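Colleague: Input file: start-v7.csv. Contents: CSV, C-alpha atoms.
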chain,number,residue,atom,x,y,z
Z,28,MET,CA,42.2,-12.7,0.2
Z,29,PRO,CA,42.1,-9.2,1.6
Z,30,LYS,CA,41.0,-8.9,5.3
Z,31,THR,CA,37.7,-7.2,5.9
Z,32,SER,CA,38.6,-3.5,6.7
Z,33,LYS,CA,37.9,-1.9,10.0
Z,34,GLY,CA,35.4,0.4,8.3
Z,35,ASP,CA,33.5,-2.5,6.8
Z,36,GLN,CA,33.3,-4.1,10.2
Z,37,THR,CA,31.9,-0.9,11.7
Z,38,ARG,CA,29.4,-0.6,8.9
Z,39,VAL,CA,28.2,-4.2,9.4
Z,40,ARG,CA,27.9,-3.7,13.2
Z,41,ILE,CA,25.8,-0.5,12.7
Z,42,LEU,CA,23.6,-2.3,10.2
Z,43,ARG,CA,23.0,-5.3,12.5
Z,44,SER,CA,22.1,-3.1,15.5
Z,45,ALA,CA,19.8,-1.0,13.3
Z,46,ARG,CA,18.0,-4.1,12.0
Z,47,GLU,CA,17.4,-5.3,15.5
Z,48,LEU,CA,16.2,-2.0,16.8
Z,49,PHE,CA,14.0,-1.1,13.8
Z,50,ALA,CA,12.4,-4.6,14.1
Z,51,ALA,CA,11.6,-4.2,17.7
Z,52,GLU,CA,10.4,-0.6,17.9
Z,53,ALA,CA,8.6,2.1,15.8
Z,54,TYR,CA,10.8,4.2,13.6
Z,55,ASP,CA,10.3,7.3,15.7
Z,56,ARG,CA,11.4,5.5,18.9
Z,57,VAL,CA,14.7,4.4,17.5
Z,58,SER,CA,17.3,7.2,17.9
Z,59,VAL,CA,20.6,7.5,16.2
Z,60,ARG,CA,22.1,7.6,19.7
Z,61,LYS,CA,20.5,4.3,20.6
Z,62,ILE,CA,21.7,2.5,17.4
Z,63,ALA,CA,25.2,3.8,18.0
Z,64,ALA,CA,25.2,2.7,21.7
Z,65,THR,CA,23.9,-0.8,20.7
Z,66,ALA,CA,26.6,-1.1,18.0
Z,67,GLY,CA,29.2,0.3,20.4
Z,68,VAL,CA,30.3,3.1,18.0
Z,69,ASP,CA,30.3,6.9,18.1
Z,70,PRO,CA,26.9,8.4,16.9
Z,71,ALA,CA,28.8,10.5,14.3
Z,72,LEU,CA,29.7,7.3,12.4
Z,73,ILE,CA,26.1,6.7,11.5
Z,74,ASN,CA,26.1,9.8,9.5
Z,75,HIS,CA,29.5,9.0,8.2
Z,76,TYR,CA,28.6,5.6,6.9
Z,77,PHE,CA,24.9,5.9,6.0
Z,78,GLY,CA,24.1,9.6,5.8
Z,79,GLY,CA,21.5,9.6,8.6
Z,80,LYS,CA,18.8,7.6,10.2
Z,81,GLU,CA,16.3,7.5,7.3
Z,82,LYS,CA,19.0,6.3,4.9
Z,83,LEU,CA,20.1,3.7,7.4
Z,84,PHE,CA,16.5,2.5,7.7
Z,85,GLN,CA,16.2,2.2,3.9
Z,86,GLU,CA,19.5,0.2,3.8
Z,87,VAL,CA,18.0,-2.2,6.4
Z,88,ILE,CA,15.0,-2.7,4.2
Z,89,ALA,CA,17.0,-3.1,1.0
Z,90,ASP,CA,19.1,-5.7,2.9
Z,91,THR,CA,15.9,-7.5,3.8
Z,92,VAL,CA,14.7,-7.6,0.3
Z,93,ASP,CA,18.0,-8.8,-0.9
Z,94,SER,CA,18.4,-11.6,1.6
Z,95,ARG,CA,14.8,-12.8,1.6
Z,96,ILE,CA,13.8,-12.5,-2.0
Z,97,ARG,CA,17.1,-13.5,-3.7
Z,98,LEU,CA,16.9,-11.3,-6.7
Z,99,ASP,CA,19.2,-13.6,-8.7
Z,100,ALA,CA,16.7,-16.5,-8.4
Z,101,VAL,CA,13.9,-14.2,-9.6
Z,102,LYS,CA,16.0,-13.1,-12.6
Z,103,ASP,CA,16.8,-16.7,-13.4
Z,104,MET,CA,13.1,-17.5,-13.3
Z,105,LEU,CA,12.3,-14.5,-15.5
Z,106,THR,CA,14.9,-15.4,-18.2
Z,107,SER,CA,14.1,-19.1,-18.3
Z,108,THR,CA,10.4,-18.6,-18.9
Z,109,PRO,CA,9.1,-18.0,-22.5
Z,110,LYS,CA,7.6,-14.5,-22.6
Z,111,ASP,CA,4.1,-15.6,-23.4
Z,112,GLN,CA,4.0,-17.8,-20.2
Z,113,LEU,CA,5.4,-15.1,-17.9
Z,114,GLY,CA,2.0,-13.8,-16.7
Z,115,GLU,CA,1.2,-17.2,-15.1
Z,116,ARG,CA,4.7,-17.9,-14.1
Z,117,ILE,CA,5.1,-14.7,-12.2
Z,118,ILE,CA,1.9,-15.1,-10.2
Z,119,ARG,CA,2.8,-18.7,-9.3
Z,120,PHE,CA,6.3,-17.7,-8.3
Z,121,ALA,CA,4.9,-14.9,-6.1
Z,122,GLU,CA,2.4,-17.3,-4.5
Z,123,HIS,CA,5.1,-19.8,-3.8
Z,124,LEU,CA,7.5,-17.1,-2.5
Z,125,TRP,CA,4.9,-15.6,-0.1
Z,126,ASN,CA,4.2,-19.0,1.4
Z,127,SER,CA,7.9,-19.9,1.9
Z,128,PRO,CA,9.7,-19.2,5.2
Z,129,ASP,CA,11.8,-16.5,3.5
Z,130,GLY,CA,8.8,-14.9,1.9
Z,131,GLN,CA,6.9,-14.9,5.2
Z,132,ALA,CA,9.9,-13.4,7.0
Z,133,TYR,CA,10.1,-10.7,4.3
Z,134,LEU,CA,6.3,-9.9,4.5
Z,135,ALA,CA,6.6,-9.7,8.3
Z,136,ALA,CA,9.5,-7.3,8.0
Z,137,MET,CA,7.5,-5.3,5.4
Z,138,ARG,CA,4.4,-5.0,7.6
Z,139,HIS,CA,6.6,-3.7,10.4
Z,140,ALA,CA,8.5,-1.3,8.1
Z,141,ILE,CA,5.3,0.1,6.6
Z,142,ALA,CA,3.8,0.6,10.0
Z,143,SER,CA,7.1,2.2,11.2
Z,144,ASN,CA,7.9,4.5,8.3
Z,145,ALA,CA,5.6,3.9,5.3
Z,146,GLU,CA,7.2,6.4,2.9
Z,147,ALA,CA,10.7,5.1,3.3
Z,148,ALA,CA,9.5,1.5,3.2
Z,149,VAL,CA,7.4,1.9,0.0
Z,150,SER,CA,10.1,3.9,-1.9
Z,151,THR,CA,12.8,1.4,-1.0
Z,152,VAL,CA,10.7,-1.6,-2.1
Z,153,ALA,CA,9.8,0.2,-5.3
Z,154,ARG,CA,13.4,1.0,-6.0
Z,155,THR,CA,14.3,-2.7,-5.5
Z,156,VAL,CA,11.4,-4.3,-7.2
Z,157,LEU,CA,10.8,-2.1,-10.2
Z,158,PRO,CA,14.0,-3.1,-12.0
Z,159,LEU,CA,12.8,-6.7,-11.8
Z,160,SER,CA,9.5,-5.6,-13.4
Z,161,GLU,CA,11.5,-3.9,-16.2
Z,162,TYR,CA,13.7,-7.0,-16.5
Z,163,ALA,CA,10.5,-9.1,-17.0
Z,164,ILE,CA,9.3,-6.9,-19.8
Z,165,GLY,CA,12.6,-6.7,-21.5
Z,166,ASP,CA,13.2,-4.8,-24.7
Z,167,ASP,CA,9.9,-3.0,-25.6
Z,168,PRO,CA,9.1,0.5,-26.7
Z,169,GLN,CA,6.7,0.7,-23.9
Z,170,GLN,CA,8.9,-1.0,-21.3
Z,171,GLU,CA,8.4,1.7,-18.6
Z,172,VAL,CA,4.6,1.8,-18.8
Z,173,ARG,CA,4.2,-2.0,-19.0
Z,174,SER,CA,6.6,-2.4,-16.1
Z,175,MET,CA,4.5,0.1,-13.9
Z,176,LEU,CA,1.3,-1.6,-14.8
Z,177,LEU,CA,2.7,-5.0,-13.9
Z,178,ALA,CA,4.0,-3.7,-10.6
Z,179,SER,CA,0.7,-1.9,-9.9
Z,180,GLN,CA,-1.3,-5.2,-10.1
Z,181,LEU,CA,1.2,-7.2,-8.2
Z,182,SER,CA,1.7,-4.7,-5.4
Z,183,GLY,CA,-2.1,-4.1,-4.9
Z,184,LEU,CA,-2.5,-7.9,-4.7
Z,185,THR,CA,0.4,-8.4,-2.4
Z,186,MET,CA,-0.8,-5.6,-0.2
Z,187,MET,CA,-4.4,-6.8,0.2
Z,188,ARG,CA,-3.7,-10.5,0.3
Z,189,HIS,CA,-0.4,-10.9,2.2
Z,190,ILE,CA,0.3,-7.7,4.0
Z,191,ALA,CA,-3.0,-6.2,5.1
Z,192,LYS,CA,-4.5,-9.7,4.8
Z,193,ILE,CA,-8.0,-8.4,3.9
Z,194,GLU,CA,-10.7,-11.1,3.7
Z,195,PRO,CA,-11.7,-12.8,1.5
Z,196,MET,CA,-8.6,-11.9,-0.6
Z,197,ALA,CA,-6.3,-13.4,2.0
Z,198,SER,CA,-7.9,-16.8,1.7
Z,199,ILE,CA,-8.8,-17.1,-2.0
Z,200,ASP,CA,-7.1,-20.3,-3.3
Z,201,THR,CA,-4.0,-20.0,-5.5
Z,202,GLU,CA,-5.6,-21.6,-8.6
Z,203,THR,CA,-8.5,-19.1,-8.5
Z,204,LEU,CA,-6.1,-16.3,-8.2
Z,205,VAL,CA,-3.8,-17.6,-11.0
Z,206,THR,CA,-6.7,-18.0,-13.4
Z,207,ALA,CA,-8.0,-14.6,-12.7
Z,208,VAL,CA,-4.8,-12.6,-12.6
Z,209,ALA,CA,-2.4,-14.3,-15.0
Z,210,PRO,CA,-4.1,-12.9,-18.1
Z,211,THR,CA,-3.9,-9.3,-16.7
Z,212,LEU,CA,-0.1,-9.7,-16.1
Z,213,GLN,CA,0.4,-11.3,-19.5
Z,214,ARG,CA,-1.4,-8.5,-21.2
Z,215,TYR,CA,0.7,-5.9,-19.4
Z,216,ILE,CA,3.9,-7.9,-20.3
Z,217,ASN,CA,3.3,-8.2,-24.1
Z,218,GLY,CA,-0.4,-7.8,-25.0
Z,219,ASP,CA,-2.2,-4.9,-26.6
Z,220,ILE,CA,-2.2,-2.0,-24.2
Z,221,ASN,CA,-3.0,0.9,-26.6
O,18,MET,CA,-36.6,19.2,15.3
O,19,PRO,CA,-34.9,17.7,18.3
O,20,LYS,CA,-31.9,19.6,19.7
O,21,THR,CA,-28.5,18.0,19.4
O,22,SER,CA,-27.9,16.2,22.6
O,23,LYS,CA,-25.0,17.0,24.9
O,24,GLY,CA,-23.5,13.6,24.2
O,25,ASP,CA,-23.5,14.3,20.4
O,26,GLN,CA,-21.8,17.7,21.0
O,27,THR,CA,-19.1,16.0,23.1
O,28,ARG,CA,-18.6,13.4,20.5
O,29,VAL,CA,-18.2,15.9,17.7
O,30,ARG,CA,-15.8,18.0,19.8
O,31,ILE,CA,-13.6,15.0,20.4
O,32,LEU,CA,-13.7,14.0,16.8
O,33,ARG,CA,-12.7,17.5,15.7
O,34,SER,CA,-9.8,17.7,18.1
O,35,ALA,CA,-8.6,14.2,17.1
O,36,ARG,CA,-8.7,15.2,13.4
O,37,GLU,CA,-6.5,18.3,14.0
O,38,LEU,CA,-4.0,16.4,16.2
O,39,PHE,CA,-3.7,13.3,14.0
O,40,ALA,CA,-3.2,15.6,11.0
O,41,ALA,CA,-0.4,17.5,12.7
O,42,GLU,CA,1.5,14.7,14.4
O,43,ALA,CA,2.5,11.1,14.2
O,44,TYR,CA,0.0,8.6,15.7
O,45,ASP,CA,2.3,7.6,18.5
O,46,ARG,CA,2.8,11.3,19.5
O,47,VAL,CA,-0.9,12.0,19.9
O,48,SER,CA,-2.0,10.8,23.4
O,49,VAL,CA,-5.6,10.3,24.6
O,50,ARG,CA,-4.8,12.9,27.2
O,51,LYS,CA,-3.8,15.5,24.6
O,52,ILE,CA,-6.9,14.9,22.5
O,53,ALA,CA,-9.1,15.2,25.6
O,54,ALA,CA,-7.3,18.4,26.7
O,55,THR,CA,-7.8,20.0,23.3
O,56,ALA,CA,-11.4,19.0,23.2
O,57,GLY,CA,-11.8,20.2,26.8
O,58,VAL,CA,-13.3,16.9,28.0
O,59,ASP,CA,-12.4,14.2,30.5
O,60,PRO,CA,-10.0,11.6,29.0
O,61,ALA,CA,-12.4,8.8,30.1
O,62,LEU,CA,-14.9,10.1,27.6
O,63,ILE,CA,-12.7,9.1,24.7
O,64,ASN,CA,-13.0,5.5,25.7
O,65,HIS,CA,-16.7,6.0,26.5
O,66,TYR,CA,-17.6,7.4,23.0
O,67,PHE,CA,-15.0,5.7,20.8
O,68,GLY,CA,-13.5,2.7,22.6
O,69,GLY,CA,-10.0,4.0,22.6
O,70,LYS,CA,-7.4,5.9,20.5
O,71,GLU,CA,-7.1,3.4,17.6
O,72,LYS,CA,-10.8,3.3,17.1
O,73,LEU,CA,-11.0,7.1,17.3
O,74,PHE,CA,-8.2,7.3,14.6
O,75,GLN,CA,-10.2,4.9,12.4
O,76,GLU,CA,-13.3,7.1,12.9
O,77,VAL,CA,-11.3,10.1,11.8
O,78,ILE,CA,-10.2,8.3,8.6
O,79,ALA,CA,-13.7,7.0,7.9
O,80,ASP,CA,-15.0,10.6,8.3
O,81,THR,CA,-12.3,11.8,5.8
O,82,VAL,CA,-13.4,9.1,3.2
O,83,ASP,CA,-17.0,10.1,3.7
O,84,SER,CA,-16.6,13.8,3.4
O,85,ARG,CA,-14.0,13.8,0.5
O,86,ILE,CA,-15.1,10.9,-1.7
O,87,ARG,CA,-18.9,11.4,-1.4
O,88,LEU,CA,-19.9,7.8,-1.5
O,89,ASP,CA,-23.4,8.6,-2.7
O,90,ALA,CA,-22.0,10.2,-5.9
O,91,VAL,CA,-19.9,7.2,-6.5
O,92,LYS,CA,-22.9,4.9,-6.1
O,93,ASP,CA,-24.9,7.1,-8.5
O,94,MET,CA,-22.1,6.9,-11.1
O,95,LEU,CA,-22.0,3.1,-10.7
O,96,THR,CA,-25.7,2.6,-11.1
O,97,SER,CA,-26.1,5.0,-14.0
O,98,THR,CA,-23.3,3.3,-16.1
O,99,PRO,CA,-24.1,0.2,-18.3
O,100,LYS,CA,-22.2,-2.7,-16.8
O,101,ASP,CA,-20.0,-3.3,-19.9
O,102,GLN,CA,-18.8,0.3,-19.8
O,103,LEU,CA,-18.0,0.3,-16.1
O,104,GLY,CA,-14.3,-0.6,-16.5
O,105,GLU,CA,-13.5,2.5,-18.4
O,106,ARG,CA,-16.0,4.6,-16.4
O,107,ILE,CA,-14.4,3.7,-13.0
O,108,ILE,CA,-10.8,4.5,-14.1
O,109,ARG,CA,-11.9,7.8,-15.6
O,110,PHE,CA,-13.9,8.6,-12.4
O,111,ALA,CA,-10.9,7.8,-10.3
O,112,GLU,CA,-8.6,10.0,-12.4
O,113,HIS,CA,-11.0,12.9,-12.2
O,114,LEU,CA,-11.5,12.4,-8.4
O,115,TRP,CA,-7.8,12.3,-7.6
O,116,ASN,CA,-7.2,15.5,-9.5
O,117,SER,CA,-10.1,17.4,-7.8
O,118,PRO,CA,-9.5,19.5,-4.7
O,119,ASP,CA,-11.5,16.9,-2.6
O,120,GLY,CA,-9.6,14.0,-4.0
O,121,GLN,CA,-6.3,15.8,-3.4
O,122,ALA,CA,-7.2,16.6,0.2
O,123,TYR,CA,-8.3,12.9,0.6
O,124,LEU,CA,-5.0,11.6,-0.7
O,125,ALA,CA,-3.0,14.0,1.4
O,126,ALA,CA,-4.9,12.8,4.5
O,127,MET,CA,-4.3,9.2,3.4
O,128,ARG,CA,-0.5,9.7,2.9
O,129,HIS,CA,-0.4,11.1,6.4
O,130,ALA,CA,-2.6,8.4,7.9
O,131,ILE,CA,-0.6,5.6,6.3
O,132,ALA,CA,2.6,7.1,7.6
O,133,SER,CA,1.1,7.6,11.0
O,134,ASN,CA,-0.6,4.2,11.5
O,135,ALA,CA,-0.6,2.1,8.4
O,136,GLU,CA,-2.5,-0.8,9.7
O,137,ALA,CA,-5.5,1.2,11.0
O,138,ALA,CA,-5.5,3.4,7.9
O,139,VAL,CA,-5.5,0.5,5.4
O,140,SER,CA,-8.1,-1.5,7.2
O,141,THR,CA,-10.4,1.5,7.5
O,142,VAL,CA,-10.1,2.3,3.8
O,143,ALA,CA,-10.7,-1.3,2.9
O,144,ARG,CA,-13.8,-1.4,5.0
O,145,THR,CA,-15.1,1.8,3.3
O,146,VAL,CA,-14.1,1.1,-0.2
O,147,LEU,CA,-14.8,-2.6,-0.6
O,148,PRO,CA,-18.6,-2.3,-0.3
O,149,LEU,CA,-18.3,0.1,-3.3
O,150,SER,CA,-16.4,-2.5,-5.3
O,151,GLU,CA,-19.1,-5.1,-4.4
O,152,TYR,CA,-21.7,-2.5,-5.4
O,153,ALA,CA,-20.0,-2.1,-8.8
O,154,ILE,CA,-20.1,-5.9,-9.5
O,155,GLY,CA,-23.6,-6.3,-8.3
O,156,ASP,CA,-25.4,-9.7,-8.4
O,157,ASP,CA,-22.9,-12.3,-9.5
O,158,PRO,CA,-22.0,-15.7,-8.1
O,159,GLN,CA,-18.4,-14.6,-7.9
O,160,GLN,CA,-19.1,-11.2,-6.5
O,161,GLU,CA,-16.6,-11.4,-3.7
O,162,VAL,CA,-13.7,-12.6,-5.8
O,163,ARG,CA,-14.4,-10.1,-8.6
O,164,SER,CA,-14.7,-7.3,-6.1
O,165,MET,CA,-11.3,-8.1,-4.5
O,166,LEU,CA,-9.6,-8.3,-7.9
O,167,LEU,CA,-11.1,-4.9,-8.9
O,168,ALA,CA,-10.0,-3.4,-5.6
O,169,SER,CA,-6.5,-4.9,-5.9
O,170,GLN,CA,-5.8,-3.3,-9.3
O,171,LEU,CA,-7.3,0.0,-8.3
O,172,SER,CA,-5.5,0.2,-4.9
O,173,GLY,CA,-2.1,-0.8,-6.4
O,174,LEU,CA,-2.5,1.9,-9.0
O,175,THR,CA,-3.7,4.6,-6.6
O,176,MET,CA,-0.8,3.7,-4.2
O,177,MET,CA,1.9,4.0,-6.8
O,178,ARG,CA,0.5,6.8,-8.9
O,179,HIS,CA,-1.1,9.1,-6.4
O,180,ILE,CA,0.1,8.3,-2.9
O,181,ALA,CA,3.7,7.1,-3.2
O,182,LYS,CA,3.9,9.0,-6.5
O,183,ILE,CA,6.5,6.7,-8.0
O,184,GLU,CA,7.8,7.8,-11.4
O,185,PRO,CA,7.0,7.3,-14.2
O,186,MET,CA,3.6,6.0,-12.9
O,187,ALA,CA,2.9,9.4,-11.4
O,188,SER,CA,3.1,11.2,-14.7
O,189,ILE,CA,1.7,8.7,-17.2
O,190,ASP,CA,-1.1,10.6,-19.0
O,191,THR,CA,-4.7,9.7,-18.3
O,192,GLU,CA,-5.6,8.4,-21.7
O,193,THR,CA,-2.6,5.9,-21.7
O,194,LEU,CA,-3.7,4.7,-18.3
O,195,VAL,CA,-7.4,4.3,-19.3
O,196,THR,CA,-6.6,2.3,-22.4
O,197,ALA,CA,-4.2,0.1,-20.5
O,198,VAL,CA,-6.3,-0.5,-17.4
O,199,ALA,CA,-10.0,-0.3,-18.4
O,200,PRO,CA,-9.9,-3.8,-20.0
O,201,THR,CA,-8.5,-5.3,-16.8
O,202,LEU,CA,-11.2,-3.7,-14.6
O,203,GLN,CA,-13.9,-4.7,-17.2
O,204,ARG,CA,-12.8,-8.3,-17.1
O,205,TYR,CA,-12.8,-8.4,-13.3
O,206,ILE,CA,-16.3,-6.9,-13.3
O,207,ASN,CA,-18.0,-9.2,-15.8
O,208,GLY,CA,-15.5,-11.0,-18.0
O,209,ASP,CA,-14.2,-14.6,-17.9
O,210,ILE,CA,-12.1,-15.1,-14.8
O,211,ASN,CA,-12.2,-18.9,-14.5
What would the structure in this file look like if it were written as structure tokens?
Modeller:
Amino acid sequence: MPKTSKGDQTRVRILRSARELFAAEAYDRVSVRKIAATAGVDPALINHYFGGKEKLFQEVIADTVDSRIRLDAVKDMLTSTPKDQLGERIIRFAEHLWNSPDGQAYLAAMRHAIASNAEAAVSTVARTVLPLSEYAIGDDPQQEVRSMLLASQLSGLTMMRHIAKIEPMASIDTETLVTAVAPTLQRYINGDIN
Amino acid sequence: MPKTSKGDQTRVRILRSARELFAAEAYDRVSVRKIAATAGVDPALINHYFGGKEKLFQEVIADTVDSRIRLDAVKDMLTSTPKDQLGERIIRFAEHLWNSPDGQAYLAAMRHAIASNAEAAVSTVARTVLPLSEYAIGDDPQQEVRSMLLASQLSGLTMMRHIAKIEPMASIDTETLVTAVAPTLQRYINGDIN
């Protein structure tokens, strides 16, 4: 097995320091200089490896999505469910995920990231999650529109219920939510939308 | 007619300065001291009239909602539409609003407010918009749940299409959107959700 290169190690060290600092302070308060000092590297290397502070921030978020949501598990769930049961399956999966330790850690990171740099946070999540939505729809002449509709309902729900925690949305029970929302998702996946 | 009191004038002056400063800079960069200096008042008066910087920020947002969205016009629209046409009417109204100068100004203010202090921005919008959603549902044993579902679809859509402007959601044409989303809203308003 090849040894990890020195460049890889530096990259990982920068990423780890950035994760800690972005988690502890607002985006504006975390300077490139501070990240570099914490990682024990020259500030120029942050540009070299990541192309600047905003891209590094996005990389930290993408990393969080990847480690907490386990995209492979989501894909497995999507492919192993018959298409006409996906609406209910997806909302149940989401409910289960957001109540798991990984999901809670993800949501906490998201709340912080949105408060810290909303634009970078939202665009990174969209870039990571939208392919999953397309994957759920699969081959379909309206794949793009269906995928956006699915994402719009799920993201509005997640935002109100789990991130902003607006009542009574935050405490509606899962079964009520599933019954109400599954048909919406199912219609966006393969129902009549035009 | 009674003259505007000195207190009212001070309040308005603080609010105006806060609006300018919050629009120009990130939330963290706008100090109570700076707002007070711009308004030409003692910093203690900001606590006196608004209870602190975060509440003043929320007041600025509530003011923006009020002046740009014209809640009375929305209520008129909601009461003058037969309940079984509300789903389509609401999505058409929203599309028209977001393309009007007032709607555009509102969305620009929102993007900035979310980037500046996401938590305060989202909770203020929710507090302002949720009563409209309840108003749309009207008398119903499930008014609260229906209202949250309606708001979840509309907010996810608005966020992706008009605030984060994620493609292809940002450029889907209005008719495609209306056909796809109106039945969802209609079902949340008075359809079978359990």
Colleague: By how many Å are atom CA of Ser48 of chain O and atom CA of Asp25 of chain O apart?
Modeller: 22.0 Å
Colleague: What does the structure give for the distance between atom CA of Arg95 of chain Z and atom CA of Gln131 of chain Z, in Å to one decimal?
Modeller: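 Rounded to one decimal, the two atoms are 8.9 Å apart.
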Colleague: Excluding Ala43 of chain O and residues on its chain fewer than 4 positions from it, collect all residues at most 12 Å away from it, counting only C-alpha atoms, and give them as a count of residues only.
Modeller: 24
Colleague: Taking only C-alpha atoms into account, name the residue in Z:Asn74, Z:Ser150, Z:Ser198, Z:Asn217 that is nearest to Ser174 of chain Z.
Modeller: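 Among Z:Asn74, Z:Ser150, Z:Ser198, Z:Asn217, it is Z:Asn217 that comes nearest to Ser174 of chain Z.
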Colleague: Quick one, how far is atom CA of Asp200 of chain Z from atom CA of Ile118 of chain Z?
Modeller: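 For atom CA of Asp200 of chain Z relative to atom CA of Ile118 of chain Z, the distance reads 12.5 Å.
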Colleague: Around the point (6.8, -17.0, -18.2) in the file's coordinates, collect all residues with an atom within 12 Å, using all atoms listed in the file, and return them as a list in words.
Modeller: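 These residues have at least one counted atom within 12 Å: Val101, Lys102, Asp103, Met104, Leu105, Thr106, Ser107, Thr108, Pro109, Lys110, Asp111, Gln112, Leu113, Gly114, Glu115, Arg116, Ile117, Ile118, Arg119, Phe120, Ala163, Ile164, Ala209, Pro210, Leu212, Gln213, Ile216 and Asn217 of chain Z.
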Colleague: Within 12 Å of segment 59-62 of chain Z, counting all atoms listed in the file, which residues show up once you throw out same-chain ones fewer than 6 positions away? Write them as a list in words, please.
Modeller: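 Listing them by chain and then by number gives Arg38, Arg40, Ile41, Leu42, Arg43, Ser44, Ala45, Arg46, Glu47, Leu48, Phe49, Glu52, Val68, Asp69, Pro70, Ala71, Leu72, Ile73, Asn74, Phe77, Gly78, Gly79, Lys80, Glu81, Lys82, Leu83 and Phe84 of chain Z.
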Colleague: Compile the contact shell of Ala89 of chain Z as a list in words: residues with an atom at most 9 Å away, counting all atoms listed in the file, same-chain residues fewer than 6 positions apart removed.
Modeller: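 Answer for this query is Thr151, Val152, Arg154 and Thr155 of chain Z.
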Colleague: For chain O, list the residues within 6 Å of chain Z, counting all atoms listed in the file, and write the list as a list in words.
Modeller: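 Here they are: Ala132, Asn134, Ala135, Ser169, Gln170, Ser172, Gly173, Leu174, Thr196, Ala197, Ile210 and Asn211 of chain O.
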Colleague: In terms of the shortest atom-to-atom distance over only C-alpha atoms, which of Z:Ala64, Z:Leu157, Z:Ile96, Z:Ala50 is closest to His123 of chain Z?
Modeller: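 Checking each of Z:Ala64, Z:Leu157, Z:Ile96, Z:Ala50 against His123 of chain Z, counting only C-alpha atoms, the winner is Z:Ile96.
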Colleague: For C-alpha atoms, please extract segment 43-88 of chain Z from the block and return it as a JSON list (two decimals), in the first residue's frame.
Modeller:
[["chain", "number", "residue", "atom", "x", "y", "z"],
["Z", 43, "ARG", "CA", -9.39, 19.33, 10.61],
["Z", 44, "SER", "CA", -8.36, 22.75, 11.95],
["Z", 45, "ALA", "CA", -10.93, 24.46, 9.73],
["Z", 46, "ARG", "CA", -13.68, 22.12, 10.98],
["Z", 47, "GLU", "CA", -12.86, 22.96, 14.61],
["Z", 48, "LEU", "CA", -12.62, 26.69, 14.05],
["Z", 49, "PHE", "CA", -15.72, 27.01, 11.84],
["Z", 50, "ALA", "CA", -17.66, 24.98, 14.44],
["Z", 51, "ALA", "CA", -16.58, 27.27, 17.26],
["Z", 52, "GLU", "CA", -16.87, 30.71, 15.68],
["Z", 53, "ALA", "CA", -18.79, 32.70, 13.09],
["Z", 54, "TYR", "CA", -17.46, 32.50, 9.53],
["Z", 55, "ASP", "CA", -16.32, 36.13, 9.55],
["Z", 56, "ARG", "CA", -14.31, 35.62, 12.72],
["Z", 57, "VAL", "CA", -12.27, 32.72, 11.33],
["Z", 58, "SER", "CA", -9.33, 34.04, 9.33],
["Z", 59, "VAL", "CA", -7.15, 32.10, 6.92],
["Z", 60, "ARG", "CA", -4.24, 33.09, 9.13],
["Z", 61, "LYS", "CA", -5.89, 31.52, 12.20],
["Z", 62, "ILE", "CA", -6.68, 28.27, 10.37],
["Z", 63, "ALA", "CA", -3.10, 28.07, 9.15],
["Z", 64, "ALA", "CA", -1.70, 28.75, 12.62],
["Z", 65, "THR", "CA", -3.92, 26.06, 14.18],
["Z", 66, "ALA", "CA", -2.88, 23.58, 11.51],
["Z", 67, "GLY", "CA", 0.76, 24.62, 11.83],
["Z", 68, "VAL", "CA", 1.13, 25.41, 8.12],
["Z", 69, "ASP", "CA", 1.94, 28.41, 5.98],
["Z", 70, "PRO", "CA", -1.24, 30.48, 5.18],
["Z", 71, "ALA", "CA", -0.40, 30.26, 1.47],
["Z", 72, "LEU", "CA", -1.06, 26.51, 1.57],
["Z", 73, "ILE", "CA", -4.76, 27.12, 2.22],
["Z", 74, "ASN", "CA", -5.08, 28.80, -1.14],
["Z", 75, "HIS", "CA", -2.88, 26.15, -2.66],
["Z", 76, "TYR", "CA", -4.96, 23.20, -1.45],
["Z", 77, "PHE", "CA", -8.46, 24.67, -1.29],
["Z", 78, "GLY", "CA", -8.56, 27.88, -3.31],
["Z", 79, "GLY", "CA", -9.44, 30.13, -0.39],
["Z", 80, "LYS", "CA", -11.52, 30.39, 2.76],
["Z", 81, "GLU", "CA", -15.01, 30.04, 1.23],
["Z", 82, "LYS", "CA", -14.07, 26.91, -0.69],
["Z", 83, "LEU", "CA", -12.48, 25.46, 2.43],
["Z", 84, "PHE", "CA", -15.72, 26.18, 4.33],
["Z", 85, "GLN", "CA", -17.71, 24.39, 1.61],
["Z", 86, "GLU", "CA", -15.31, 21.46, 1.82],
["Z", 87, "VAL", "CA", -15.91, 21.23, 5.57],
["Z", 88, "ILE", "CA", -19.68, 21.14, 5.00]]
